[in-house]
>>> print(open('upload26.csv').read())   # CSV, C-alpha atoms
chain,number,residue,atom,x,y,z
A,1,MET,CA,-120.0,-117.3,72.6
A,2,THR,CA,-120.8,-120.5,70.7
A,3,GLN,CA,-118.4,-123.4,70.4
A,4,GLN,CA,-118.1,-123.0,66.6
A,5,LEU,CA,-117.1,-119.3,66.9
A,6,THR,CA,-114.5,-120.1,69.5
A,7,GLU,CA,-113.1,-122.9,67.4
A,8,TRP,CA,-112.8,-120.5,64.5
A,9,GLN,CA,-111.0,-118.0,66.7
A,10,VAL,CA,-108.6,-120.6,68.1
A,11,GLU,CA,-107.8,-121.8,64.5
A,12,GLU,CA,-107.1,-118.2,63.5
A,13,TRP,CA,-104.8,-117.7,66.6
A,14,ILE,CA,-102.9,-120.9,65.8
A,15,ARG,CA,-102.5,-119.7,62.2
A,16,ASP,CA,-101.3,-116.3,63.3
A,17,TYR,CA,-99.0,-117.5,66.1
A,18,GLY,CA,-95.7,-116.8,64.3
A,19,PHE,CA,-96.9,-113.4,63.3
A,20,MET,CA,-98.0,-112.6,66.9
A,21,LEU,CA,-94.5,-113.6,68.2
A,22,ASP,CA,-92.8,-111.3,65.7
A,23,GLU,CA,-95.2,-108.5,66.5
A,24,ILE,CA,-94.7,-108.9,70.2
A,25,ARG,CA,-90.9,-108.5,69.7
A,26,ARG,CA,-91.4,-105.4,67.4
A,27,LEU,CA,-93.9,-103.7,69.8
A,28,ASN,CA,-91.7,-104.5,72.8
A,29,MET,CA,-88.8,-102.8,71.2
A,30,MET,CA,-91.0,-99.9,70.1
A,31,LEU,CA,-92.7,-99.4,73.5
A,32,ASN,CA,-89.6,-99.8,75.6
A,33,LYS,CA,-87.1,-97.7,73.5
A,34,VAL,CA,-85.5,-94.8,75.2
A,35,ASP,CA,-85.2,-91.5,73.4
A,36,PRO,CA,-81.7,-90.0,73.5
A,37,VAL,CA,-81.3,-86.6,75.2
A,38,HIS,CA,-82.5,-84.0,72.7
A,39,GLN,CA,-80.3,-81.0,72.2
A,40,LYS,CA,-81.8,-77.6,71.9
A,41,LEU,CA,-81.9,-76.8,68.2
A,42,THR,CA,-83.9,-73.5,68.4
A,43,ALA,CA,-82.4,-70.5,66.8
A,44,THR,CA,-81.6,-67.7,69.3
A,45,TYR,CA,-80.6,-65.0,66.8
A,46,GLY,CA,-81.9,-63.7,63.5
A,47,ILE,CA,-85.3,-64.0,61.9
A,48,GLU,CA,-85.6,-67.7,62.9
A,49,SER,CA,-85.7,-66.8,66.5
A,50,THR,CA,-89.0,-65.0,66.0
A,51,LEU,CA,-90.8,-68.0,64.4
A,52,PRO,CA,-93.1,-70.2,66.6
A,53,LYS,CA,-91.4,-73.1,68.4
A,54,GLY,CA,-92.8,-76.6,68.6
A,55,SER,CA,-93.6,-78.1,71.9
A,56,SER,CA,-91.1,-80.5,73.4
A,57,GLY,CA,-93.9,-82.8,74.7
A,58,VAL,CA,-95.7,-85.7,73.2
A,59,SER,CA,-98.9,-84.9,71.4
A,60,GLN,CA,-102.3,-86.5,72.3
A,61,ALA,CA,-102.3,-88.3,68.9
A,62,GLU,CA,-98.9,-89.9,69.7
A,63,LEU,CA,-100.2,-90.9,73.1
A,64,ASN,CA,-103.3,-92.5,71.6
A,65,GLN,CA,-101.2,-94.4,69.1
A,66,LEU,CA,-98.9,-95.7,71.9
A,67,ASP,CA,-102.0,-96.7,73.9
A,68,ARG,CA,-103.4,-98.7,70.9
A,69,ARG,CA,-100.0,-100.4,70.4
A,70,GLU,CA,-99.7,-101.2,74.0
A,71,LYS,CA,-103.2,-102.8,74.0
A,72,ARG,CA,-102.3,-104.9,70.9
A,73,TYR,CA,-99.1,-105.9,72.6
A,74,TYR,CA,-100.8,-107.2,75.7
A,75,ARG,CA,-103.6,-108.8,73.7
A,76,TYR,CA,-101.0,-110.8,71.7
A,77,LEU,CA,-99.1,-111.7,74.8
A,78,GLU,CA,-102.3,-113.1,76.3
A,79,ILE,CA,-103.1,-115.1,73.2
A,80,VAL,CA,-99.5,-116.5,72.8
A,81,ASN,CA,-99.4,-117.4,76.5
A,82,PHE,CA,-102.8,-119.1,76.2
A,83,LEU,CA,-101.7,-121.1,73.2
A,84,ASP,CA,-98.4,-122.1,74.9
A,85,THR,CA,-100.2,-123.4,77.9
A,86,ALA,CA,-102.9,-125.2,75.9
A,87,ILE,CA,-100.5,-128.0,75.1
A,88,ASP,CA,-101.0,-129.2,78.7
A,89,ASP,CA,-104.7,-130.1,77.9
A,90,ILE,CA,-103.6,-132.4,75.0
A,91,GLU,CA,-102.9,-135.9,76.3
A,92,ASP,CA,-102.1,-137.7,73.1
A,93,GLU,CA,-98.4,-137.4,72.2
A,94,ARG,CA,-99.1,-137.5,68.5
A,95,GLU,CA,-101.6,-134.6,68.8
A,96,ARG,CA,-99.0,-132.7,70.8
A,97,VAL,CA,-96.5,-133.0,68.0
A,98,ILE,CA,-99.1,-132.0,65.4
A,99,TYR,CA,-100.0,-129.0,67.5
A,100,ASP,CA,-96.4,-128.0,67.6
A,101,PHE,CA,-96.2,-128.3,63.9
A,102,MET,CA,-99.3,-126.2,63.5
A,103,LEU,CA,-97.8,-123.5,65.7
A,104,GLU,CA,-94.7,-123.6,63.4
A,105,GLY,CA,-97.0,-122.9,60.4
A,106,MET,CA,-96.7,-126.2,58.7
A,107,THR,CA,-99.4,-127.3,56.2
A,108,TYR,CA,-101.5,-130.5,56.3
A,109,THR,CA,-99.3,-131.9,53.5
A,110,GLU,CA,-96.0,-131.2,55.4
A,111,ILE,CA,-97.4,-132.7,58.6
A,112,ALA,CA,-98.7,-135.7,56.8
A,113,GLU,CA,-95.3,-136.3,55.2
A,114,ARG,CA,-93.6,-136.2,58.6
A,115,PHE,CA,-96.1,-138.7,60.1
A,116,ARG,CA,-96.3,-140.8,56.9
A,117,CYS,CA,-100.1,-140.6,57.0
A,118,THR,CA,-102.9,-138.9,54.9
A,119,ARG,CA,-103.9,-135.3,55.0
A,120,LYS,CA,-107.3,-136.5,56.2
A,121,THR,CA,-105.8,-138.0,59.3
A,122,VAL,CA,-104.0,-134.8,60.1
A,123,ARG,CA,-107.2,-132.8,59.6
A,124,VAL,CA,-109.1,-135.1,62.0
A,125,SER,CA,-106.4,-134.6,64.6
A,126,LYS,CA,-106.3,-130.9,64.0
A,127,GLU,CA,-110.1,-130.7,64.6
A,128,SER,CA,-109.7,-132.6,67.8
A,129,ILE,CA,-106.9,-130.3,69.0
A,130,ILE,CA,-108.8,-127.2,68.2
A,131,SER,CA,-111.9,-128.5,69.9
A,132,LYS,CA,-109.9,-129.2,73.1
A,133,ILE,CA,-108.4,-125.7,73.0
A,134,ALA,CA,-111.7,-124.1,72.3
A,135,LYS,CA,-113.3,-125.9,75.3
A,136,LYS,CA,-110.4,-124.6,77.5
A,137,ALA,CA,-110.9,-121.1,76.2
A,138,GLN,CA,-114.6,-121.2,77.0
A,139,LYS,CA,-114.0,-122.7,80.4
A,140,GLU,CA,-111.5,-119.9,81.3
A,141,GLN,CA,-113.7,-117.2,79.6
A,142,PHE,CA,-110.7,-116.2,77.6
A,143,ALA,CA,-112.7,-114.1,75.1
A,144,GLN,CA,-113.9,-111.9,78.0
A,145,LYS,CA,-110.3,-111.5,79.2
A,146,LEU,CA,-109.3,-110.3,75.7
A,147,LYS,CA,-112.3,-107.9,75.6
A,148,SER,CA,-111.2,-106.4,78.8
A,149,ILE,CA,-107.8,-105.5,77.2
A,150,LYS,CA,-109.7,-103.8,74.3
A,151,ASP,CA,-112.0,-101.9,76.7
A,152,SER,CA,-109.0,-100.5,78.8
A,153,SER,CA,-110.1,-102.3,81.9
A,154,TYR,CA,-107.1,-104.5,81.6
A,155,ASN,CA,-104.5,-104.5,84.4
A,156,ALA,CA,-101.1,-104.7,82.6
A,157,ARG,CA,-99.2,-105.1,85.8
A,158,GLU,CA,-101.1,-108.3,86.7
A,159,ALA,CA,-100.6,-109.7,83.2
A,160,VAL,CA,-96.9,-109.2,83.3
A,161,THR,CA,-96.5,-110.8,86.7
A,162,ALA,CA,-98.7,-113.7,85.6
A,163,LEU,CA,-96.6,-114.2,82.5
A,164,GLY,CA,-93.5,-114.1,84.7
A,165,ARG,CA,-94.8,-116.9,86.8
A,166,CYS,CA,-95.4,-119.2,83.7
>>> encode(input="upload26.csv", output="structure tokens")
Amino acid sequence: MTQQLTEWQVEEWIRDYGFMLDEIRRLNMMLNKVDPVHQKLTATYGIESTLPKGSSGVSQAELNQLDRREKRYYRYLEIVNFLDTAIDDIEDERERVIYDFMLEGMTYTEIAERFRCTRKTVRVSKESIISKIAKKAQKEQFAQKLKSIKDSSYNAREAVTALGRC
């Protein structure tokens, strides 16, 4: 993967950081919800008792949908974890603060007003930050890790324990 493509992906991840956090919360609630005990609501008398009854199990389509959601959940978890730990590779304190502001979704103008500098200065710092994070992603072969989630060769148990250690 080329450096330019990786930088583009990192910039997209930073822009979508807040969305991914919200989606992780939503998917976590959805995937971990417990269904209450269902009562038997099948008619035992009359004409209704002769009609076909639905299965009590989960259909294959529902299982496939849950599988897709689970893959998205783990993919977003990996990206958010990667972006959270990427701050360790940024030495300059000013760039760290700009990176935090970027993760919060602030615009160039808002960041420039906070630092009392120009938008161009913020843009140059942002490009430096993204370059550093993209180099880290290439070094750790992060794109291959995300691809393994998509290809179902992802070990969710390892990812959860790794996230727990961080």
>>> atom_distance(input="upload26.csv", atom1="atom CA of Ile133 of chain A", atom2="atom CA of Glu113 of chain A")
24.5 Å
>>> atom_distance(input="upload26.csv", atom1="atom CA of Thr107 of chain A", atom2="atom CA of Arg75 of chain A")
25.8 Å
>>> atom_distance(input="upload26.csv", atom1="atom CA of Ile149 of chain A", atom2="atom CA of Arg72 of chain A")
8.4 Å
>>> closest_residue(input="upload26.csv", among="A:Lys132, A:Glu78, A:Ser125, A:Asn32", to="Gln144 of chain A", atoms="only C-alpha atoms")
A:Glu78
>>> residues_around(input="upload26.csv", residues="Lys126 of chain A", least_positions_apart="6", cutoff="9 Å", atoms="all atoms listed in the file", output="count of residues only")
4
>>> closest_residue(input="upload26.csv", among="A:Glu110, A:Asp22, A:Asp92, A:Glu48", to="Tyr73 of chain A", atoms="all atoms listed in the file")
A:Asp22
>>> residues_near_point(input="upload26.csv", point="(-110.8, -110.8, 77.9)", cutoff="12 Å", atoms="all atoms listed in the file", output="number ranges by chain")
A: 71, 74-76, 78-79, 82, 137-138, 140-155, 159
>>> closest_residue(input="upload26.csv", among="A:Ala134, A:Ile24, A:Ile14, A:Ile129", to="Leu77 of chain A", atoms="all atoms listed in the file")
A:Ile24
>>> residues_near_point(input="upload26.csv", point="(-93.3, -124.3, 65.0)", cutoff="12 Å", atoms="only C-alpha atoms", output="PyMOL selection string")
chain A and resi 14-19+21+84+96-107+111
>>> closest_residue(input="upload26.csv", among="A:Ile130, A:Asn64, A:Thr6, A:Asn28", to="Ile87 of chain A", atoms="only C-alpha atoms")
A:Ile130
>>> closest_residue(input="upload26.csv", among="A:Glu12, A:Ser131, A:Leu27, A:Lys139", to="Gln65 of chain A", atoms="all atoms listed in the file")
A:Leu27
>>> closest_residue(input="upload26.csv", among="A:Glu7, A:Glu23, A:Glu70, A:Glu91", to="Lys135 of chain A", atoms="all atoms listed in the file")
A:Glu7
